[in-house]
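Text of the file protein-v4.txt, holding compact mmCIF, C-alpha atoms and all ligand atoms:
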```txt
# COMPACT_ATOMS: atom_id res chain seq x y z
CA MET A 1289 -101.75 -61.35 -94.68
CA PRO A 1290 -101.65 -59.38 -97.95
CA ARG A 1291 -101.95 -61.61 -101.01
CA PRO A 1292 -99.08 -61.45 -103.50
CA LEU A 1293 -99.98 -58.96 -106.22
CA PRO A 1294 -100.15 -59.92 -109.90
CA ARG A 1295 -97.27 -58.65 -112.07
CA GLU A 1296 -99.38 -55.88 -113.63
CA SER A 1297 -99.88 -54.47 -110.14
CA GLU A 1298 -96.38 -53.04 -109.86
CA GLY A 1299 -96.43 -49.86 -107.80
CA LEU A 1300 -99.48 -51.00 -105.87
CA GLU A 1301 -97.61 -52.41 -102.88
CA LEU A 1302 -99.22 -51.40 -99.60
CA GLN A 1303 -97.21 -48.59 -98.04
CA THR A 1304 -98.34 -49.37 -94.51
CA SER A 1305 -98.89 -52.66 -92.75
CA ALA A 1306 -102.51 -53.71 -93.08
CA GLU A 1307 -104.22 -52.78 -89.83
CA ASP A 1308 -106.89 -55.13 -88.61
CA THR A 1309 -109.96 -53.92 -90.54
CA ALA A 1310 -112.29 -55.05 -87.76
CA ALA A 1311 -110.47 -52.69 -85.36
CA VAL A 1312 -110.84 -49.82 -87.84
CA GLU A 1313 -114.58 -50.47 -88.15
CA ALA A 1314 -115.03 -50.81 -84.37
CA ARG A 1315 -113.28 -47.48 -83.71
CA ASP A 1316 -115.42 -45.85 -86.39
CA ALA A 1317 -118.63 -47.21 -84.86
CA ALA A 1318 -117.55 -46.07 -81.40
CA TYR A 1319 -116.41 -42.53 -82.17
CA ILE A 1320 -117.62 -41.26 -85.54
CA LEU A 1321 -121.07 -39.63 -85.66
CA GLY A 1322 -123.25 -41.94 -87.71
CA THR A 1323 -124.04 -39.70 -90.69
CA TYR A 1324 -122.78 -42.37 -93.12
CA LYS A 1325 -123.80 -45.98 -93.64
CA ARG A 1326 -120.34 -47.14 -94.71
CA THR A 1327 -119.59 -50.03 -97.03
CA SER A 1328 -117.11 -52.51 -95.54
CA PHE A 1329 -114.31 -51.59 -97.94
CA HIS A 1330 -110.85 -50.48 -96.84
CA PRO A 1331 -108.91 -48.89 -99.69
CA ARG A 1332 -105.32 -48.23 -98.58
CA THR A 1333 -103.35 -47.42 -101.70
CA GLY A 1334 -103.74 -47.15 -105.44
CA LYS A 1335 -102.16 -46.27 -108.76
CA GLY A 1336 -103.86 -44.88 -111.85
CA ALA A 1337 -107.45 -46.19 -111.78
CA LYS A 1338 -106.61 -49.10 -109.45
CA LEU A 1339 -107.24 -49.27 -105.73
CA VAL A 1340 -105.83 -51.81 -103.28
CA ASP A 1341 -107.58 -52.77 -100.06
CA ALA A 1342 -106.07 -53.63 -96.69
CA ASP A 1343 -105.78 -57.30 -97.71
CA GLY A 1344 -103.90 -56.45 -100.90
CA LYS A 1345 -106.87 -57.15 -103.20
CA VAL A 1346 -106.81 -54.96 -106.34
CA TYR A 1347 -109.93 -53.18 -107.66
CA TRP A 1348 -110.78 -51.06 -110.67
CA ASP A 1349 -112.17 -47.78 -109.43
CA LEU A 1350 -115.26 -46.52 -111.28
CA LEU A 1351 -116.19 -43.95 -108.63
CA ALA A 1352 -113.02 -41.84 -108.09
CA GLY A 1353 -113.96 -40.85 -104.52
CA ILE A 1354 -117.29 -39.51 -105.91
CA ALA A 1355 -115.87 -37.75 -108.98
CA VAL A 1356 -112.86 -36.27 -107.18
CA ASN A 1357 -109.80 -38.28 -108.27
CA ALA A 1358 -109.73 -37.22 -111.92
CA LEU A 1359 -106.10 -38.34 -112.39
CA GLY A 1360 -106.58 -41.50 -110.32
CA TYR A 1361 -104.12 -42.37 -107.56
CA LYS A 1362 -100.46 -41.46 -107.05
CA HIS A 1363 -100.20 -39.48 -110.26
CA PRO A 1364 -96.48 -38.63 -110.32
CA ARG A 1365 -97.09 -34.99 -111.22
CA LEU A 1366 -99.54 -34.52 -108.34
CA VAL A 1367 -97.20 -36.25 -105.89
CA ARG A 1368 -94.32 -34.00 -107.02
CA ALA A 1369 -96.43 -30.82 -106.85
CA LEU A 1370 -97.74 -31.78 -103.41
CA LYS A 1371 -94.24 -32.35 -102.00
CA ASP A 1372 -92.96 -29.14 -103.51
CA GLU A 1373 -95.83 -26.90 -102.32
CA ALA A 1374 -96.01 -28.50 -98.87
CA GLY A 1375 -92.30 -27.76 -98.48
CA HIS A 1376 -93.15 -24.04 -98.38
CA VAL A 1377 -96.33 -23.21 -96.41
CA LEU A 1378 -99.45 -25.30 -95.81
CA HIS A 1379 -101.68 -22.30 -95.09
CA VAL A 1380 -101.47 -18.52 -95.03
CA SER A 1381 -105.18 -17.39 -94.93
CA ASN A 1382 -106.90 -15.03 -97.34
CA LEU A 1383 -105.59 -11.95 -95.56
CA PHE A 1384 -102.34 -12.32 -97.50
CA TYR A 1385 -101.15 -13.12 -101.00
CA GLN A 1386 -100.03 -16.55 -102.16
CA PRO A 1387 -99.02 -17.37 -105.73
CA ALA A 1388 -100.83 -20.70 -106.32
CA GLN A 1389 -104.29 -19.17 -105.82
CA GLY A 1390 -103.71 -16.47 -108.41
CA LEU A 1391 -102.21 -18.94 -110.89
CA LEU A 1392 -105.19 -21.29 -110.60
CA ALA A 1393 -107.65 -18.39 -110.89
CA GLU A 1394 -105.78 -17.10 -113.97
CA LYS A 1395 -106.03 -20.56 -115.56
CA LEU A 1396 -109.75 -20.91 -114.76
CA VAL A 1397 -110.45 -17.45 -116.16
CA ALA A 1398 -108.49 -18.20 -119.35
CA LEU A 1399 -110.28 -21.51 -119.85
CA SER A 1400 -113.81 -20.41 -118.94
CA GLY A 1401 -114.00 -16.81 -120.18
CA PHE A 1402 -115.47 -15.81 -116.78
CA PRO A 1403 -113.77 -12.69 -115.39
CA LYS A 1404 -113.41 -13.62 -111.69
CA VAL A 1405 -113.10 -16.61 -109.34
CA PHE A 1406 -114.08 -17.02 -105.68
CA PHE A 1407 -112.36 -19.91 -103.87
CA CYS A 1408 -113.83 -21.95 -101.02
CA ASN A 1409 -113.30 -25.52 -99.80
CA THR A 1410 -116.24 -27.67 -100.87
CA GLY A 1411 -119.19 -27.95 -103.21
CA THR A 1412 -121.73 -26.94 -100.62
CA GLU A 1413 -119.71 -23.80 -99.82
CA ALA A 1414 -119.68 -22.91 -103.51
CA THR A 1415 -123.49 -23.17 -103.49
CA GLU A 1416 -123.72 -21.04 -100.33
CA ALA A 1417 -121.53 -18.36 -101.90
CA ALA A 1418 -123.73 -18.43 -105.01
CA VAL A 1419 -126.91 -17.97 -102.94
CA LYS A 1420 -125.35 -14.87 -101.35
CA PHE A 1421 -123.96 -13.48 -104.62
CA THR A 1422 -127.29 -13.88 -106.44
CA ARG A 1423 -129.00 -11.96 -103.64
CA LEU A 1424 -126.67 -9.03 -104.32
CA ALA A 1425 -127.94 -9.02 -107.90
CA THR A 1426 -131.61 -9.15 -106.86
CA PRO A 1427 -131.91 -7.27 -103.54
CA GLY A 1428 -134.95 -8.20 -101.49
CA LYS A 1429 -135.79 -11.28 -103.58
CA SER A 1430 -135.40 -14.75 -102.10
CA ARG A 1431 -137.44 -17.00 -104.40
CA MET A 1432 -135.26 -19.65 -106.01
CA ILE A 1433 -135.92 -22.29 -108.67
CA ALA A 1434 -134.29 -25.72 -108.55
CA LEU A 1435 -135.03 -29.22 -109.82
CA GLU A 1436 -136.79 -32.22 -108.28
CA GLY A 1437 -134.05 -34.74 -107.51
CA GLY A 1438 -131.36 -32.06 -107.75
CA PHE A 1439 -128.48 -31.87 -105.28
CA HIS A 1440 -126.40 -28.85 -104.33
CA GLY A 1441 -125.03 -29.72 -100.88
CA ARG A 1442 -125.92 -30.13 -97.22
CA THR A 1443 -125.51 -26.72 -95.57
CA MET A 1444 -128.67 -24.67 -95.01
CA GLY A 1445 -128.69 -22.58 -98.21
CA ALA A 1446 -127.57 -25.48 -100.39
CA LEU A 1447 -130.05 -27.79 -98.67
CA ALA A 1448 -132.84 -25.32 -99.45
CA LEU A 1449 -132.04 -25.99 -103.14
CA THR A 1450 -131.74 -29.76 -102.85
CA GLY A 1451 -134.75 -31.52 -104.35
CA ASN A 1452 -134.81 -34.48 -102.00
CA GLU A 1453 -137.37 -34.30 -99.18
CA GLY A 1454 -135.55 -36.90 -97.10
CA TYR A 1455 -132.49 -34.66 -96.89
CA ARG A 1456 -134.46 -31.42 -96.50
CA LYS A 1457 -137.56 -31.95 -94.36
CA PRO A 1458 -135.99 -32.65 -90.92
CA PHE A 1459 -134.10 -29.34 -91.11
CA GLU A 1460 -136.85 -26.95 -92.22
CA PRO A 1461 -137.33 -24.01 -92.10
CA LEU A 1462 -134.49 -23.46 -94.57
CA VAL A 1463 -133.35 -20.40 -96.52
CA GLY A 1464 -135.76 -18.48 -98.76
CA THR A 1465 -138.46 -20.17 -100.82
CA THR A 1466 -137.52 -22.75 -103.42
CA VAL A 1467 -139.84 -23.98 -106.15
CA PHE A 1468 -138.83 -27.47 -107.32
CA LEU A 1469 -139.57 -28.36 -110.93
CA PRO A 1470 -139.33 -31.53 -113.02
CA PRO A 1471 -136.14 -31.58 -115.13
CA ASN A 1472 -136.33 -30.75 -118.83
CA ASP A 1473 -139.86 -29.29 -118.64
CA ALA A 1474 -139.43 -25.83 -120.20
CA LEU A 1475 -143.14 -24.99 -119.92
CA ALA A 1476 -143.11 -25.57 -116.15
CA LEU A 1477 -139.94 -23.50 -115.90
CA ASN A 1478 -141.37 -20.56 -117.83
CA ALA A 1479 -144.49 -20.57 -115.69
CA ALA A 1480 -142.49 -20.74 -112.45
CA VAL A 1481 -140.01 -17.94 -113.19
CA THR A 1482 -141.80 -14.84 -111.90
CA PRO A 1483 -140.54 -11.26 -111.34
CA ASP A 1484 -139.80 -12.06 -107.67
CA THR A 1485 -137.39 -14.87 -108.66
CA SER A 1486 -133.79 -14.36 -107.54
CA ALA A 1487 -132.04 -17.34 -109.14
CA ILE A 1488 -132.36 -20.60 -111.07
CA PHE A 1489 -129.98 -23.36 -109.93
CA LEU A 1490 -129.37 -26.25 -112.37
CA GLU A 1491 -126.98 -29.19 -112.51
CA PRO A 1492 -126.42 -29.56 -116.27
CA ILE A 1493 -126.15 -33.31 -115.61
CA MET A 1494 -127.96 -34.24 -112.42
CA GLY A 1495 -125.68 -36.56 -110.44
CA GLU A 1496 -127.37 -37.61 -107.19
CA GLY A 1497 -130.70 -37.45 -109.01
CA GLY A 1498 -129.77 -40.46 -111.16
CA ILE A 1499 -127.49 -39.06 -113.93
CA ILE A 1500 -130.09 -37.03 -115.81
CA PRO A 1501 -128.64 -34.79 -118.54
CA LEU A 1502 -130.48 -31.51 -119.13
CA THR A 1503 -131.15 -30.75 -122.80
CA VAL A 1504 -129.66 -27.80 -124.67
CA GLU A 1505 -133.20 -26.52 -125.27
CA TYR A 1506 -133.98 -26.64 -121.56
CA VAL A 1507 -130.89 -24.76 -120.38
CA ALA A 1508 -131.41 -22.20 -123.18
CA ALA A 1509 -135.00 -21.75 -121.95
CA ALA A 1510 -133.66 -21.27 -118.41
CA ARG A 1511 -131.26 -18.56 -119.66
CA ALA A 1512 -134.12 -16.78 -121.45
CA ALA A 1513 -136.46 -17.06 -118.45
CA ALA A 1514 -133.79 -15.68 -116.09
CA ASP A 1515 -133.12 -12.77 -118.47
CA ARG A 1516 -136.84 -12.06 -118.79
CA VAL A 1517 -137.13 -11.25 -115.04
CA GLY A 1518 -133.55 -10.20 -114.17
CA ALA A 1519 -132.83 -13.39 -112.20
CA SER A 1520 -129.43 -15.09 -112.13
CA LEU A 1521 -128.75 -18.47 -113.75
CA VAL A 1522 -126.39 -20.73 -111.80
CA PHE A 1523 -124.87 -23.94 -113.17
CA ASP A 1524 -123.72 -26.43 -110.55
CA GLU A 1525 -120.90 -28.24 -112.38
CA ILE A 1526 -119.48 -29.62 -109.15
CA GLN A 1527 -119.93 -33.24 -110.29
CA SER A 1528 -120.17 -32.86 -114.08
CA GLY A 1529 -117.55 -30.17 -114.72
CA LEU A 1530 -113.77 -29.92 -115.15
CA GLY A 1531 -113.57 -32.54 -117.88
CA ARG A 1532 -115.91 -35.33 -116.86
CA THR A 1533 -118.06 -34.95 -119.99
CA GLY A 1534 -115.02 -34.53 -122.23
CA HIS A 1535 -115.40 -30.73 -122.02
CA LEU A 1536 -113.77 -28.61 -119.36
CA PHE A 1537 -117.06 -26.84 -118.64
CA VAL A 1538 -120.49 -28.23 -119.43
CA PHE A 1539 -121.83 -24.72 -120.10
CA GLN A 1540 -119.36 -24.45 -123.00
CA GLU A 1541 -120.52 -27.79 -124.37
CA LEU A 1542 -124.16 -26.66 -124.16
CA GLY A 1543 -123.47 -23.19 -125.56
CA VAL A 1544 -125.36 -21.40 -122.76
CA THR A 1545 -123.50 -19.03 -120.42
CA PRO A 1546 -124.81 -18.82 -116.86
CA ASP A 1547 -124.07 -15.98 -114.41
CA LEU A 1548 -122.25 -18.26 -111.96
CA VAL A 1549 -120.61 -21.70 -112.32
CA LEU A 1550 -119.99 -23.86 -109.23
CA LEU A 1551 -116.93 -26.11 -109.15
CA ALA A 1552 -115.42 -28.46 -106.54
CA LYS A 1553 -114.70 -32.24 -106.46
CA PRO A 1554 -111.68 -32.66 -108.83
CA LEU A 1555 -110.65 -28.99 -108.53
CA GLY A 1556 -108.12 -29.60 -105.71
CA GLY A 1557 -106.60 -32.77 -107.18
CA GLY A 1558 -107.87 -34.73 -104.15
CA LEU A 1559 -107.62 -31.97 -101.54
CA PRO A 1560 -110.70 -29.92 -100.53
CA LEU A 1561 -111.18 -26.99 -102.92
CA GLY A 1562 -114.30 -25.35 -104.33
CA ALA A 1563 -114.81 -22.33 -106.56
CA VAL A 1564 -117.43 -20.05 -108.02
CA LEU A 1565 -116.76 -18.66 -111.50
CA VAL A 1566 -118.37 -15.24 -111.35
CA GLY A 1567 -119.76 -13.52 -114.43
CA PRO A 1568 -119.32 -9.77 -115.09
CA LYS A 1569 -122.70 -8.63 -113.72
CA ILE A 1570 -122.22 -10.18 -110.28
CA ALA A 1571 -118.43 -9.64 -110.18
CA ALA A 1572 -119.11 -5.88 -110.23
CA LEU A 1573 -121.43 -6.14 -107.20
CA VAL A 1574 -119.37 -8.10 -104.65
CA LYS A 1575 -117.46 -5.89 -102.21
CA ALA A 1576 -114.63 -6.68 -99.75
CA GLY A 1577 -115.98 -8.17 -96.54
CA GLN A 1578 -119.26 -9.44 -98.01
CA HIS A 1579 -118.03 -13.04 -98.11
CA GLY A 1580 -114.95 -14.93 -96.94
CA THR A 1581 -113.32 -18.09 -95.66
CA THR A 1582 -110.24 -18.92 -93.59
CA PHE A 1583 -109.20 -22.00 -95.56
CA GLY A 1584 -110.72 -21.46 -99.03
CA GLY A 1585 -108.16 -21.40 -101.83
CA ASN A 1586 -105.52 -23.17 -99.74
CA PRO A 1587 -102.10 -22.96 -101.47
CA VAL A 1588 -101.47 -26.72 -101.61
CA ALA A 1589 -104.98 -27.46 -102.93
CA CYS A 1590 -104.66 -24.68 -105.55
CA ARG A 1591 -101.26 -25.99 -106.66
CA LEU A 1592 -102.72 -29.50 -107.09
CA GLY A 1593 -105.68 -28.02 -108.98
CA LEU A 1594 -103.36 -26.16 -111.32
CA GLU A 1595 -101.34 -29.33 -111.93
CA THR A 1596 -104.54 -31.32 -112.56
CA LEU A 1597 -105.69 -28.82 -115.20
CA ARG A 1598 -102.25 -28.82 -116.83
CA VAL A 1599 -102.20 -32.64 -117.04
CA ILE A 1600 -105.76 -32.67 -118.49
CA GLU A 1601 -104.56 -30.25 -121.21
CA GLU A 1602 -101.09 -31.67 -121.88
CA ASP A 1603 -102.19 -35.32 -121.98
CA GLY A 1604 -105.16 -34.55 -124.26
CA LEU A 1605 -107.51 -36.13 -121.73
CA LEU A 1606 -110.65 -34.31 -122.91
CA ALA A 1607 -110.54 -35.89 -126.38
CA LYS A 1608 -109.80 -39.30 -124.80
CA ILE A 1609 -112.77 -38.92 -122.43
CA ARG A 1610 -115.09 -38.06 -125.35
CA GLU A 1611 -113.89 -41.07 -127.38
CA THR A 1612 -113.99 -43.47 -124.45
CA GLY A 1613 -117.40 -42.13 -123.44
CA GLU A 1614 -118.86 -42.69 -126.89
CA TRP A 1615 -117.50 -46.24 -127.01
CA PHE A 1616 -118.61 -47.02 -123.42
CA GLY A 1617 -122.09 -45.58 -124.01
CA LYS A 1618 -122.57 -47.91 -127.00
CA LYS A 1619 -121.36 -50.89 -124.95
CA LEU A 1620 -123.75 -50.00 -122.10
CA LYS A 1621 -126.65 -49.71 -124.53
CA THR A 1622 -125.77 -53.14 -125.99
CA ALA A 1623 -125.64 -54.50 -122.43
CA LYS A 1624 -129.12 -53.06 -121.87
CA LYS A 1625 -130.47 -54.86 -124.95
CA LYS A 1626 -128.98 -58.16 -123.79
CA SER A 1627 -130.06 -57.75 -120.16
CA LYS A 1628 -133.65 -59.09 -120.57
CA GLY A 1629 -135.06 -55.99 -118.88
CA ALA A 1630 -132.61 -55.91 -115.95
CA ILE A 1631 -131.11 -52.68 -117.31
CA VAL A 1632 -133.98 -50.23 -117.67
CA ASP A 1633 -132.08 -47.20 -118.97
CA VAL A 1634 -128.57 -45.94 -119.63
CA ARG A 1635 -127.86 -42.18 -119.37
CA GLY A 1636 -124.84 -39.92 -119.52
CA ARG A 1637 -121.80 -39.03 -121.58
CA GLY A 1638 -118.04 -38.87 -121.27
CA LEU A 1639 -117.11 -40.58 -118.02
CA MET A 1640 -120.39 -39.85 -116.22
CA TRP A 1641 -122.93 -42.65 -116.61
CA GLY A 1642 -126.04 -43.87 -114.84
CA VAL A 1643 -127.24 -47.43 -115.33
CA GLU A 1644 -130.84 -47.68 -114.13
CA ILE A 1645 -131.74 -51.23 -113.15
CA ASP A 1646 -134.92 -53.07 -112.16
CA ARG A 1647 -133.47 -54.10 -108.77
CA ASP A 1648 -131.77 -52.71 -105.69
CA ALA A 1649 -128.63 -50.88 -106.84
CA SER A 1650 -126.86 -51.24 -103.47
CA GLU A 1651 -126.99 -55.06 -103.71
CA ILE A 1652 -125.49 -54.94 -107.22
CA GLN A 1653 -122.90 -52.44 -105.98
CA LYS A 1654 -121.86 -54.89 -103.21
CA ARG A 1655 -121.55 -57.79 -105.63
CA LEU A 1656 -119.51 -55.69 -108.06
CA LEU A 1657 -117.19 -54.80 -105.20
CA GLN A 1658 -116.71 -58.50 -104.45
CA LYS A 1659 -115.73 -58.94 -108.10
CA GLY A 1660 -113.19 -56.10 -107.87
CA PHE A 1661 -115.13 -53.04 -109.15
CA VAL A 1662 -115.90 -49.92 -107.12
CA VAL A 1663 -119.08 -48.16 -108.30
CA GLY A 1664 -121.52 -45.68 -106.78
CA THR A 1665 -125.31 -45.49 -106.71
CA SER A 1666 -127.88 -42.73 -107.06
CA ARG A 1667 -131.45 -43.12 -105.86
CA SER A 1668 -132.24 -46.76 -105.03
CA ASN A 1669 -131.99 -48.17 -108.54
CA VAL A 1670 -129.20 -46.42 -110.45
CA LEU A 1671 -125.54 -47.48 -110.62
CA ARG A 1672 -123.45 -44.32 -110.81
CA LEU A 1673 -120.21 -44.54 -112.76
CA LEU A 1674 -117.70 -41.68 -112.34
CA PRO A 1675 -114.30 -43.27 -113.05
CA PRO A 1676 -110.98 -41.42 -113.03
CA PHE A 1677 -110.20 -39.79 -116.40
CA VAL A 1678 -107.24 -42.16 -116.76
CA ILE A 1679 -109.29 -45.38 -116.69
CA PRO A 1680 -108.20 -47.72 -119.51
CA ARG A 1681 -110.76 -49.40 -121.81
CA PRO A 1682 -109.87 -52.93 -120.63
CA ALA A 1683 -111.06 -51.93 -117.15
CA LEU A 1684 -114.41 -50.79 -118.55
CA LYS A 1685 -114.69 -53.98 -120.63
CA ALA A 1686 -114.02 -56.08 -117.53
CA PHE A 1687 -116.65 -54.03 -115.67
CA LEU A 1688 -119.25 -54.71 -118.38
CA ALA A 1689 -118.59 -58.45 -118.11
CA ALA A 1690 -118.87 -58.32 -114.30
CA LEU A 1691 -122.10 -56.31 -114.52
CA GLY A 1692 -123.59 -58.95 -116.86
CA GLU A 1693 -122.61 -61.66 -114.36
CA VAL A 1694 -124.09 -59.97 -111.28
CA LEU A 1695 -127.33 -59.17 -113.09
CA ALA A 1696 -127.57 -62.84 -114.16
CA GLU A 1697 -126.90 -63.97 -110.55
CA THR A 1698 -129.67 -61.78 -109.07
CA THR A 1699 -133.36 -61.30 -109.76
CA ALA A 1700 -135.71 -58.34 -109.85
CA PRO A 1701 -138.11 -58.05 -106.91
CA SER A 1702 -141.35 -59.84 -107.85
CA LYS A 1703 -144.14 -57.44 -108.80
CA GLU A 1704 -147.22 -57.44 -106.58
CA LYS A 1705 -150.21 -59.01 -108.29
CA ASN A 1706 -152.68 -56.48 -109.74
CA SER A 1707 -150.24 -53.61 -109.16
C1 LIG B 1 -123.85 -31.44 -108.02
C2 LIG B 1 -123.31 -31.32 -106.62
N1 LIG B 1 -123.42 -30.14 -105.98
C3 LIG B 1 -122.95 -29.99 -104.73
C4 LIG B 1 -122.36 -31.03 -104.05
C5 LIG B 1 -121.84 -30.84 -102.66
O1 LIG B 1 -120.45 -30.91 -102.65
P1 LIG B 1 -119.64 -31.18 -101.29
O2 LIG B 1 -119.97 -32.57 -100.86
O3 LIG B 1 -118.20 -31.00 -101.66
O4 LIG B 1 -120.11 -30.17 -100.31
C6 LIG B 1 -122.24 -32.28 -104.69
C7 LIG B 1 -121.66 -33.42 -103.96
O5 LIG B 1 -121.86 -34.56 -104.29
C8 LIG B 1 -122.73 -32.42 -106.00
O6 LIG B 1 -122.65 -33.59 -106.65
```
Turn this file's structure into C-alpha cells for me.
Ligand SMILES: Cc1ncc(COP(=O)(O)O)c(C=O)c1O
Amino acid sequence: MPRPLPRESEGLELQTSAEDTAAVEARDAAYILGTYKRTSFHPRTGKGAKLVDADGKVYWDLLAGIAVNALGYKHPRLVRALKDEAGHVLHVSNLFYQPAQGLLAEKLVALSGFPKVFFCNTGTEATEAAVKFTRLATPGKSRMIALEGGFHGRTMGALALTGNEGYRKPFEPLVGTTVFLPPNDALALNAAVTPDTSAIFLEPIMGEGGIIPLTVEYVAAARAAADRVGASLVFDEIQSGLGRTGHLFVFQELGVTPDLVLLAKPLGGGLPLGAVLVGPKIAALVKAGQHGTTFGGNPVACRLGLETLRVIEEDGLLAKIRETGEWFGKKLKTAKKKSKGAIVDVRGRGLMWGVEIDRDASEIQKRLLQKGFVVGTSRSNVLRLLPPFVIPRPALKAFLAALGEVLAETTAPSKEKNS
C-alpha cells in the first residue's frame, strides 16, 4: 500500500496503482536481454527534482535519468508543449518539412554560433555522424585520437572511440584506428597528432571516466594540434553540455571552438533526441544522401527541446546553476576534509560532480537510495552527481548529510599487507 505522502509532496500522488514490483522484476528477468544490471528501484512519478517509487516513497533525484531530465519531472511547460505537439503529428520523417525541427535548429544556431545542425536520436548516433562527417574533411584518413576512460557511445564507430577496454575488446575489430591518450597531457597529445590523423574526440568534462574536467590549456592545445595537421576537433558535450556547467555550451566556457559539437541527453526534454552542431568547414562538405535517419529530429522531441531551452533562458537557470555549483563544490570539499580519507577527491562544476571515495561506490549508492537519494556512479569508486537544474539547495544539503552518514556506517576495504 502506498504510504501517505508528507504535505510538501503535493503533486506527487501516484497516477497509477502501484503494480507488484516483484512481478515487474520477474517479467524483466524473463524477457529483457540482460545488458543492464538493474538496481531494484521503481520510480513511478515525480515533480521537480523529486521522484516517487511504487510504494509512494519520495526521493531527491541527483541523477536526472543520467543527465537527461534538466527540468526535473512534470514541468508544466513541458507537459503543455508535449500535449500540444502530440495533438498534431507524432512523426513525419525527414523527407518532409516540420516546423519544430527548424525552430530548434534556429535556436541552437543562435545560441552556439555554429552555422548548421544535424539531428539524430541519441548520443551514440551523434558520435557516429561525427565520425562520418570528419572523414569527409580528411578523405582517406581513419586515425582518430580519444582519451583513456573517455565515453562516446556503444555503436561500432562510437565504441571505437570509447577508452574502456571492457566495453570495446569483445567487439573488435572496430572502426579505424584510435590512439587513446591520458587526459590533460598536452605533450602526449602533440606527439600523437600526426598528418594521418582524421579527428580528435574529447569530452570537455569526462563523465563515465569519473568526472574529469579537461583544462583550458589542454583543449587549446588540441585545437592547435588539429589545425597543425588539418584534422577535425570534436567536443562531445552530450553529458556536460546544454547548461549542466552553468554555460549552455562548454566550448564557449573554455573559449575554444571545435569543428563539431555533439549534443543529446537533455536536448529532447526527456524524449530521445541528439544533434551535431556543424562548423562552417564541414557544413560545406556534407551533401544530400550522405547521412540520414528516419526518426532523428522527431517533431515532439524537437518541440520539447525548444521549450527546455526557453525555460533555461527565461528562468535564468544558467546563473543559478553556476551559483549553486560554486556553493555545492565548497560543501563537497569541506565534506572531503571531514571524511577522514573516505572522500579521496571531489571534481566538477555547476551541477556535474564526481565524488571519488576509498570504497565501492555501488554500495554507497545503494545506501543513499535507502536514505532517499538517487545518485549515479562512474568507474568503481566515484559517485556521479548530475541532478536536474531545478534541484533546490535544501536537497543538496540533505544529500551531504546522508553522504556523511553512509560513509560513517561503512568502511574502506582493508589494504593488503606489504602492498
Ligand atoms: C559523453 C557521452 N557521449 C556519448 C554518450 C552516448 O549517448 P547515448 O546513450 O544517448 O547513446 C553518453 C552517454 O552516457 C555520454 O555520456
Q.
Nearest residue to ligand LIG 1 (chain B) out of A:Phe1459, A:Tyr1385, A:Phe1523, A:Tyr1319, using all atoms listed in the file?
A. A:Phe1523
Q) ligand LIG 1 (chain B): which residues are within 9 Å, counting all atoms listed in the file, as an MDAnalysis selection string? A) chainID A and resid 1354:1355 1409:1415 1438:1443 1446 1450 1490:1496 1524:1528 1550:1553 1560:1562
**Q.** Residue nearest Glu1614 of chain A - candidates A:Leu1674, A:Ala1317, A:Leu1555, A:Leu1639, atoms counted: only C-alpha atoms
**A.**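 Closest candidate: A:Leu1639.
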Q.
Distance cut-off 12 Å, centre (-94.6, -34.4, -117.8) in file coordinates, counting all atoms listed in the file: which residues qualify? Return them as a list in words.
A.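 The distance filter leaves exactly His1363, Pro1364, Arg1365, Leu1366, Arg1368, Ala1369, Glu1595, Thr1596, Arg1598, Val1599, Ile1600, Glu1601, Glu1602 and Asp1603 of chain A.
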Q. In terms of the shortest atom-to-atom distance over all atoms listed in the file, which of A:Val1356, A:Leu1350, A:Met1444, A:Ala1689 is closest to Gly1642 of chain A?
A.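 Among the listed residues, the smallest separation from Gly1642 of chain A belongs to A:Leu1350.
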Q) Once you count only C-alpha atoms, which residues end up no further than 7 Å from (-124.6, -45.2, -113.1) in the file's frame, shown as a PyMOL selection string? A) chain A and resi 1499+1641-1644+1665+1670-1673
(Q) List the spatial neighbours of Glu1505 of chain A as a count of residues only - criterion: any atom at most 9 Å away, only C-alpha atoms, same-chain residues fewer than 3 positions off excluded. (A) 6
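Of the residues listed (A:Leu1475, A:Leu1521, A:Leu1378, A:Ala1649), A:Ala1649 shows the shortest atom-to-atom separation from Arg1667 of chain A; distances use only C-alpha atoms.
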Q: Using all atoms listed in the file, pick whichever of A:Gly1558, A:Gly1454, A:Gly1401, A:Gly1445 has the shortest atom-to-atom distance to Phe1539 of chain A.
A: A:Gly1401
Q. Hey, which of A:Leu1605, A:Glu1460, A:His1535, A:Pro1501 ends up closest to Leu1359 of chain A? Count only C-alpha atoms.
A.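 Selected residue with least distance to Leu1359 of chain A: A:Leu1605.
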Q | Residues within 9 Å of Thr1426 of chain A, all atoms listed in the file, excluding chain neighbours under 2 positions, as a list in words | A | Thr1422, Arg1423, Leu1424, Gly1428, Lys1429, Ser1430, Asp1484, Thr1485, Ser1486, Ala1487, Gly1518, Ala1519 and Ser1520 of chain A
Q) Neighbours of Gly1437 of chain A within 6 Å (only C-alpha atoms; same-chain residues fewer than 4 positions away dropped), as a PyMOL selection string? A) chain A and resi 1451-1452+1497
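If you look at atom CA of Ala1314 of chain A and atom CA of Arg1326 of chain A, they are 12.2 Å away from each other.
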Since the input has fewer atoms than a full residue there, write segment 1688-1693 of chain A out with N, CA and C atoms, as a tab-separated table (two decimals), in the frame of the given file.
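So out_26.tsv came out as:
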```tsv
chain	number	residue	atom	x	y	z
A	1688	LEU	N	-118.03	-54.32	-117.66
A	1688	LEU	CA	-119.25	-54.71	-118.38
A	1688	LEU	C	-119.51	-56.21	-118.22
A	1689	ALA	N	-118.44	-56.99	-118.28
A	1689	ALA	CA	-118.59	-58.45	-118.11
A	1689	ALA	C	-119.08	-58.75	-116.70
A	1690	ALA	N	-118.48	-58.07	-115.70
A	1690	ALA	CA	-118.87	-58.32	-114.30
A	1690	ALA	C	-120.32	-57.89	-114.06
A	1691	LEU	N	-120.73	-56.78	-114.68
A	1691	LEU	CA	-122.10	-56.31	-114.52
A	1691	LEU	C	-123.08	-57.35	-115.07
A	1692	GLY	N	-122.75	-57.90	-116.27
A	1692	GLY	CA	-123.59	-58.95	-116.86
A	1692	GLY	C	-123.72	-60.14	-115.91
A	1693	GLU	N	-122.59	-60.51	-115.29
A	1693	GLU	CA	-122.61	-61.66	-114.36
A	1693	GLU	C	-123.49	-61.39	-113.14
```
